[in-house]
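**Student:** This structure is in structure tokens; I'll ask about it shortly.
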Amino acid sequence: MSNQAANRNVTLVLFHNDLRVADNATLLKASEISTDGRLLLVYASSLTDVLDDKDHYDAYHYDSMGQARQQFLHESLADLNASLIQQGNRLLYLQKGDEALDVFTQLNDLIAQQQVTDICVSQTADYNQNKVYNLIQAKYPEIQWHIQTTSTLFDELPLESLPKSFTQFRKQIETDYDLLHAEKDIAIYPTPETLAPLPDNMHSRNEYFFESQLSNQAGRDKPSQPSSSFRGGELNGLKHLDAYFDSDAPSTYKTTRNALDEWAHSTKFSGWLANGSLSVNIILNRLRRYERDMIANDSTYWIWFELLWREYFYWYAVTHQQKLFWFKGIAQHAPSTQLIESLLAQWKNGTTQYPIVNACMNQLRTTGYMSNRGRQLVASCFIHELGLDWRYGAAYFEQHLVDYDVDSNWGNWQYLAGVGADPRGCRQFNLNKQTQQYDPNGEFIRQWQGNPQKSD
Ligand SMILES: Cc1cc2nc3c(=O)[nH]c(=O)nc-3n(C[C@H](O)[C@H](O)[C@H](O)COP(=O)(O)OP(=O)(O)OC[C@H]3O[C@@H](n4cnc5c(N)ncnc54)[C@H](O)[C@@H]3O)c2cc1C
């Protein structure tokens with residue numbers, strides 16, 4: 001019997017920045033509206049390839065996702081799939097294969113074949129992802145959409161308009177809301193115990209199952225294990241959260257956060273936060289508990305402060321839409337930089353004349369991670385010493401960072417290029433001074449082979 005003949009609703013969840021089951025309002029909503037119906041739980045990779053004007057990849061030499069980022073994503077999806085199986089359903093994975101239809105067409109075919117009645121997605125500031133949602137809405141106007149907040153502290157911009165600078169934003173938020181010191185913990189959405197099953201005719205459609213998609217990939221671009229400490233997935237994220245707050249590290253965060261290396265020197269929440277394996281509300285509640293039970297000091301405050309930066313860039317992306325990708329950003333003037341292929345290659349390959357920059361870039365290529373200080377230094381070098389068009393740097397970060405997040409990445413790059421939210425304009429870091437301050441004994445540079453190779 002078809003789903004329509006049985007008069008059931010068929011709900012489709014399109015995962016994007018919410019790869020978890022705990023505190024996931026989207027999954028909870030889907031479970032509530034599909035109790036007597038059927039449920040399709042989908043992750044569609046490269047969905048935005050369908051957009052003609054999504055040229056910020058191709059134009060900036062974005063080849064394919066770097067190995068570490070790919071590995072982290074696969075681990076995240078595998079863990080999500082395992083959780084969904086425990087709840088009585090499973091993850092369907094759409095990706096472009098050698099001969100397969102593009103992912104957007106595959107998704108539309110699935111929606112049509114299964115006579116989907118409801119679509120649940122998480123709110124995102126991702127301009128291109130939202131454009132794809134609009135295309136689907138236009139194609140199937142009869143489908144009901146349910147959009148939930150899963151990745152931010154606030155459901156909507158908490159102020160009348162977005163202040164021009166982060167400082168103004170933070171001050172207003174702290175005056176009006178101050179979530180860090182609020183009396184009650186932030187409410188966490190319960191995890192659904194069971195989920196409605198797949199439509200009956202999907203049980204044999206192995207080609208959609210996450211596991212079979214992965215084995216199809218074997219021998220193609222299946223990622224090998226990079227040497228990164230990040231292990232993707234909600235379970236690993238929650239374990240890390242516990243380990244971090246069970247340690248003393250939060251109490252010294254402010255003094256260590258600028259270090260170029262060392263796992264415990266900053267929270268390392270970013271990868272799990274970026275793809276939604278960890279909920280920011282769960283993190284904030286844990287931080288508040290640490291302040292109550294252990295210690296509240298400048299360092300614990302500073303973790304909140306950095307989470308507010310993340311929040312700021314989210315609403316910045318919502319506010320400025322496609323300007324996030326423009327050369328002149330949200331400013332009136334474009335920077336006086338350009339693309340010089342040979343310099344771009346040196347920067348990417350870690351062969352510039354700046355050892356600190358090379359070391360950071362080697363670390364990024366190998367692990368998919370770079371400290372915040374490192375990111376500032378390599379971006380500053382990119383823009384000022386090398387005089388390169390900042391968008392190529394942002395696109396390269398997008399390719400490699402395990403914690404790639406469209407808002408934080410493009411927003412931070414704009415900031416450093418002087419075309420974004422920095423009231424002081426362009427920031428240039430003195431690379432020599434920074435090296436003396438953050439790598440006085442050259443250990444980091446040695447570890448990541450930042451010194452230019454001497455030719456014989
Ligand atoms: C050029 C550039 C590009 C960046 N690209 C990204 C990106 O793609 N994804 C990303 O998550 N962060 C990005 N950042 C911000 C920051 O570097 C990382 O969030 C941080 O280094 C991640 O490590 P952590 O989790 O240990 O951070 P911590 O120092 O422990 O900070 C805690 C959390 O606060 C948030 N946060 C911290 N600093 C920032 C910031 N400057 N902007 C926004 N959020 C912040 C992150 O969610 C982070 O996990 C970028 C920064 C620069 C300068």
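In the structure tokens, the first chain shown is A, the next is B, and so on; residue numbers restart at 1 for each chain, and ligands run from 1 in the order shown.
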Could you give me the residues within 6 Å of ligand 1, counting only C-alpha atoms and all ligand atoms, as a VMD selection string?
**Tutor:** chain A and resid 257 266 to 270 274 303 306 to 307 309 to 310 371 to 372 375 to 376 379 403 to 405 408 to 409 412 to 413
**Student:** As a ChimeraX atom specification, please: the residues near segment 151-154 of chain A (cut-off 9 Å, only C-alpha atoms, same-chain neighbours under 5 positions excluded).
**Tutor:** /A:17-18,24,122-124,179,273-276,278-281,284,308,310-311,314
**Student:** Would you list, as a list of chain:residue names, the residues of segment 130-324 of chain A that end up in strand (DSSP E) under DSSP run on this structure's backbone?
**Tutor:**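 Taking segment 130-324 of chain A and keeping strand (DSSP E) gives A:Gln144, A:Trp145, A:His146, A:Ile147, A:Gln148.
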**Student:** Those same residues, written as an mmCIF file, in the first residue's frame with N, CA, C and O atoms?
**Tutor:**
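Dumped everything to selection28.cif:
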```
data_model
loop_
_atom_site.group_PDB
_atom_site.id
_atom_site.type_symbol
_atom_site.label_atom_id
_atom_site.label_comp_id
_atom_site.auth_asym_id
_atom_site.auth_seq_id
_atom_site.Cartn_x
_atom_site.Cartn_y
_atom_site.Cartn_z
ATOM 1 N N GLN A 144 4.506 20.838 3.967
ATOM 2 C CA GLN A 144 4.607 21.731 5.128
ATOM 3 C C GLN A 144 6.031 21.718 5.696
ATOM 4 O O GLN A 144 6.592 20.630 5.906
ATOM 5 N N TRP A 145 6.588 22.885 5.935
ATOM 6 C CA TRP A 145 7.948 22.971 6.470
ATOM 7 C C TRP A 145 7.913 23.300 7.961
ATOM 8 O O TRP A 145 7.100 24.107 8.401
ATOM 9 N N HIS A 146 8.831 22.670 8.684
ATOM 10 C CA HIS A 146 8.951 22.931 10.129
ATOM 11 C C HIS A 146 10.417 23.278 10.384
ATOM 12 O O HIS A 146 11.292 22.433 10.198
ATOM 13 N N ILE A 147 10.651 24.509 10.771
ATOM 14 C CA ILE A 147 12.048 24.959 10.952
ATOM 15 C C ILE A 147 12.295 25.240 12.431
ATOM 16 O O ILE A 147 11.579 26.026 13.050
ATOM 17 N N GLN A 148 13.307 24.566 12.976
ATOM 18 C CA GLN A 148 13.599 24.694 14.418
ATOM 19 C C GLN A 148 14.992 25.289 14.619
ATOM 20 O O GLN A 148 15.854 25.170 13.758
#
```
**Student:** Quick one: which segment 61-112 of chain A residues come within 10 Å of segment 180-193 of chain A, and what is the nearest atom pair for each with the distance in Å to one decimal, counting only C-alpha atoms, rows ordered by chain and ascending number, as a Markdown table?
**Tutor:**
```
| residue | atom | partner | partner_atom | distance |
| --- | --- | --- | --- | --- |
| A:Leu84 | CA | A:Pro192 | CA | 9.8 |
| A:Gln86 | CA | A:Glu193 | CA | 8.7 |
| A:Gln87 | CA | A:Glu193 | CA | 6.1 |
| A:Gly88 | CA | A:Glu193 | CA | 9.0 |
```
**Student:** Those residues you just picked out, can you put them in a file as a compact mmCIF listing (two decimals), in the first residue's frame with N, CA, C and O atoms?
**Tutor:**
```txt
# COMPACT_ATOMS: atom_id res chain seq x y z
N LEU A 84 20.25 6.64 15.32
CA LEU A 84 18.94 6.56 14.67
C LEU A 84 18.48 5.11 14.55
O LEU A 84 17.29 4.80 14.66
N GLN A 86 19.19 2.77 16.68
CA GLN A 86 18.69 2.41 18.04
C GLN A 86 17.27 2.92 18.26
O GLN A 86 16.50 2.34 19.01
N GLN A 87 16.93 4.00 17.58
CA GLN A 87 15.60 4.58 17.75
C GLN A 87 14.60 4.05 16.73
O GLN A 87 13.47 4.53 16.65
N GLY A 88 15.02 3.08 15.93
CA GLY A 88 14.08 2.40 15.04
C GLY A 88 14.05 2.91 13.61
O GLY A 88 13.17 2.52 12.84
```
**Student:** Nearest to Asp155 of chain A among A:Trp315, A:Ile173, A:Ser83, A:Leu198, with distances taken over only C-alpha atoms: which residue is it?
**Tutor:**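 That would be A:Trp315, the residue with the smallest distance to Asp155 of chain A.
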**Student:** Between A:Leu77, A:Leu159, A:Leu344, A:Leu92, single out the one closest to Leu41 of chain A, counting only C-alpha atoms.
**Tutor:**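 Closest candidate: A:Leu92.
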**Student:** In terms of the shortest atom-to-atom distance over only C-alpha atoms, which of A:Ile356, A:Leu364, A:Ala345, A:Met294 is closest to Gln436 of chain A?
**Tutor:**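 Ranking A:Ile356, A:Leu364, A:Ala345, A:Met294 by distance to Gln436 of chain A, first place goes to A:Ile356.
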**Student:** Name the closest residue to Gly37 of chain A among the candidates A:Val132, A:Leu91, A:Cys120, A:Ala196; distances are taken between atoms, counting only C-alpha atoms.
**Tutor:**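 Checking each candidate against Gly37 of chain A, we get A:Ala196 as the closest.
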**Student:** How many Å lie between atom CA of Thr105 of chain A and atom CA of Glu75 of chain A, rounded to one decimal?
**Tutor:**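 Computing it gives 25.6 Å between the two atoms.
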**Student:** In terms of the shortest atom-to-atom distance over only C-alpha atoms, which of A:Trp263, A:Tyr43, A:Phe166, A:Tyr253 is closest to Tyr208 of chain A?
**Tutor:**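 Looking only at the distances to Tyr208 of chain A, the closest residue turns out to be A:Tyr43.
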**Student:** Hey, what's within 9 Å of segment 415-422 of chain A if we count only C-alpha atoms and toss same-chain stuff fewer than 2 positions away? As a PyMOL selection string, please?
**Tutor:** chain A and resi 164-166+316+324+327-335+376+379-380+383-384+389-390+410-413+424-428
**Student:** Hey, which of A:Leu80, A:Leu40, A:Met65, A:Cys381 ends up closest to Glu211 of chain A? Count only C-alpha atoms.
**Tutor:**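 Residue with the minimum atom-to-atom distance to Glu211 of chain A: A:Leu80.
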**Student:** Interatomic distance between atom CA of Pro452 of chain A and atom CA of Thr435 of chain A?
**Tutor:**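 Taking atom CA of Pro452 of chain A as the start and atom CA of Thr435 of chain A as the end point, the length is 15.1 Å.
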**Student:** Applying 12 Å and only C-alpha atoms, which residues near segment 443-449 of chain A remain after dropping the ones on its own chain fewer than 6 positions away? List them as an MDAnalysis selection string.
**Tutor:** chainID A and resid 259:262 349:352 354:367 370:371 374 435:437
**Student:** Save out the residues we just selected, N, CA and C atoms, as a PDB file, in the first residue's frame.
**Tutor:**
```
ATOM      1  N   ALA A 259      47.503  29.808  22.809  1.00  0.00           N
ATOM      2  CA  ALA A 259      48.639  28.944  22.462  1.00  0.00           C
ATOM      3  C   ALA A 259      48.436  28.358  21.068  1.00  0.00           C
ATOM      4  N   LEU A 260      49.543  28.034  20.422  1.00  0.00           N
ATOM      5  CA  LEU A 260      49.439  27.517  19.058  1.00  0.00           C
ATOM      6  C   LEU A 260      49.097  26.036  19.031  1.00  0.00           C
ATOM      7  N   ASP A 261      49.343  25.349  20.135  1.00  0.00           N
ATOM      8  CA  ASP A 261      49.125  23.898  20.148  1.00  0.00           C
ATOM      9  C   ASP A 261      48.651  23.458  21.523  1.00  0.00           C
ATOM     10  N   GLU A 262      48.546  22.166  21.676  1.00  0.00           N
ATOM     11  CA  GLU A 262      48.137  21.513  22.924  1.00  0.00           C
ATOM     12  C   GLU A 262      46.615  21.435  23.009  1.00  0.00           C
ATOM     13  N   ASN A 349      50.935  25.356   0.744  1.00  0.00           N
ATOM     14  CA  ASN A 349      51.876  24.245   0.946  1.00  0.00           C
ATOM     15  C   ASN A 349      52.830  24.469   2.107  1.00  0.00           C
ATOM     16  N   GLY A 350      52.699  25.603   2.778  1.00  0.00           N
ATOM     17  CA  GLY A 350      53.594  25.872   3.899  1.00  0.00           C
ATOM     18  C   GLY A 350      55.023  26.096   3.439  1.00  0.00           C
ATOM     19  N   THR A 351      55.201  26.831   2.344  1.00  0.00           N
ATOM     20  CA  THR A 351      56.561  27.096   1.855  1.00  0.00           C
ATOM     21  C   THR A 351      56.809  28.598   1.674  1.00  0.00           C
ATOM     22  N   THR A 352      56.149  29.407   2.476  1.00  0.00           N
ATOM     23  CA  THR A 352      56.413  30.856   2.420  1.00  0.00           C
ATOM     24  C   THR A 352      57.744  31.138   3.137  1.00  0.00           C
ATOM     25  N   TYR A 354      57.865  32.604   5.882  1.00  0.00           N
ATOM     26  CA  TYR A 354      57.490  32.843   7.283  1.00  0.00           C
ATOM     27  C   TYR A 354      57.271  31.502   8.005  1.00  0.00           C
ATOM     28  N   PRO A 355      58.262  31.057   8.774  1.00  0.00           N
ATOM     29  CA  PRO A 355      58.183  29.726   9.406  1.00  0.00           C
ATOM     30  C   PRO A 355      56.913  29.519  10.230  1.00  0.00           C
ATOM     31  N   ILE A 356      56.487  30.544  10.939  1.00  0.00           N
ATOM     32  CA  ILE A 356      55.318  30.374  11.806  1.00  0.00           C
ATOM     33  C   ILE A 356      54.065  30.091  10.960  1.00  0.00           C
ATOM     34  N   VAL A 357      54.004  30.763   9.842  1.00  0.00           N
ATOM     35  CA  VAL A 357      52.863  30.567   8.927  1.00  0.00           C
ATOM     36  C   VAL A 357      52.933  29.169   8.323  1.00  0.00           C
ATOM     37  N   ASN A 358      54.119  28.780   7.884  1.00  0.00           N
ATOM     38  CA  ASN A 358      54.275  27.447   7.283  1.00  0.00           C
ATOM     39  C   ASN A 358      53.863  26.357   8.267  1.00  0.00           C
ATOM     40  N   ALA A 359      54.323  26.515   9.520  1.00  0.00           N
ATOM     41  CA  ALA A 359      54.011  25.488  10.532  1.00  0.00           C
ATOM     42  C   ALA A 359      52.505  25.375  10.720  1.00  0.00           C
ATOM     43  N   CYS A 360      51.843  26.513  10.833  1.00  0.00           N
ATOM     44  CA  CYS A 360      50.380  26.486  11.019  1.00  0.00           C
ATOM     45  C   CYS A 360      49.690  25.836   9.821  1.00  0.00           C
ATOM     46  N   MET A 361      50.148  26.172   8.626  1.00  0.00           N
ATOM     47  CA  MET A 361      49.501  25.613   7.434  1.00  0.00           C
ATOM     48  C   MET A 361      49.757  24.111   7.322  1.00  0.00           C
ATOM     49  N   ASN A 362      50.946  23.670   7.737  1.00  0.00           N
ATOM     50  CA  ASN A 362      51.215  22.227   7.727  1.00  0.00           C
ATOM     51  C   ASN A 362      50.327  21.512   8.739  1.00  0.00           C
ATOM     52  N   GLN A 363      50.142  22.160   9.877  1.00  0.00           N
ATOM     53  CA  GLN A 363      49.264  21.588  10.904  1.00  0.00           C
ATOM     54  C   GLN A 363      47.826  21.468  10.358  1.00  0.00           C
ATOM     55  N   LEU A 364      47.364  22.511   9.689  1.00  0.00           N
ATOM     56  CA  LEU A 364      46.002  22.489   9.144  1.00  0.00           C
ATOM     57  C   LEU A 364      45.829  21.362   8.124  1.00  0.00           C
ATOM     58  N   ARG A 365      46.773  21.261   7.183  1.00  0.00           N
ATOM     59  CA  ARG A 365      46.658  20.226   6.149  1.00  0.00           C
ATOM     60  C   ARG A 365      46.656  18.834   6.744  1.00  0.00           C
ATOM     61  N   THR A 366      47.436  18.641   7.814  1.00  0.00           N
ATOM     62  CA  THR A 366      47.567  17.299   8.394  1.00  0.00           C
ATOM     63  C   THR A 366      46.400  16.957   9.310  1.00  0.00           C
ATOM     64  N   THR A 367      45.979  17.926  10.112  1.00  0.00           N
ATOM     65  CA  THR A 367      45.007  17.586  11.173  1.00  0.00           C
ATOM     66  C   THR A 367      43.605  18.144  10.930  1.00  0.00           C
ATOM     67  N   MET A 370      43.543  24.271  13.361  1.00  0.00           N
ATOM     68  CA  MET A 370      44.575  25.276  13.630  1.00  0.00           C
ATOM     69  C   MET A 370      44.027  26.131  14.760  1.00  0.00           C
ATOM     70  N   SER A 371      44.903  26.555  15.666  1.00  0.00           N
ATOM     71  CA  SER A 371      44.453  27.374  16.792  1.00  0.00           C
ATOM     72  C   SER A 371      43.911  28.714  16.284  1.00  0.00           C
ATOM     73  N   GLY A 374      46.784  30.900  15.422  1.00  0.00           N
ATOM     74  CA  GLY A 374      47.359  30.478  14.135  1.00  0.00           C
ATOM     75  C   GLY A 374      46.520  31.003  12.970  1.00  0.00           C
ATOM     76  N   THR A 435      55.883  35.357  16.685  1.00  0.00           N
ATOM     77  CA  THR A 435      56.668  34.120  16.800  1.00  0.00           C
ATOM     78  C   THR A 435      57.418  34.114  18.138  1.00  0.00           C
ATOM     79  N   GLN A 436      58.015  35.262  18.453  1.00  0.00           N
ATOM     80  CA  GLN A 436      58.746  35.333  19.739  1.00  0.00           C
ATOM     81  C   GLN A 436      57.799  35.110  20.916  1.00  0.00           C
ATOM     82  N   GLN A 437      56.607  35.652  20.788  1.00  0.00           N
ATOM     83  CA  GLN A 437      55.668  35.545  21.912  1.00  0.00           C
ATOM     84  C   GLN A 437      55.073  34.138  22.045  1.00  0.00           C
TER      85      GLN A 437
END
```
**Student:** Check the DSSP output for the backbone and give back, as a PyMOL selection string, the residues of segment 92-267 of chain A in alpha helix (DSSP H).
**Tutor:** chain A and resi 103-113+127-139+166-176+210-217+234-245+253-256
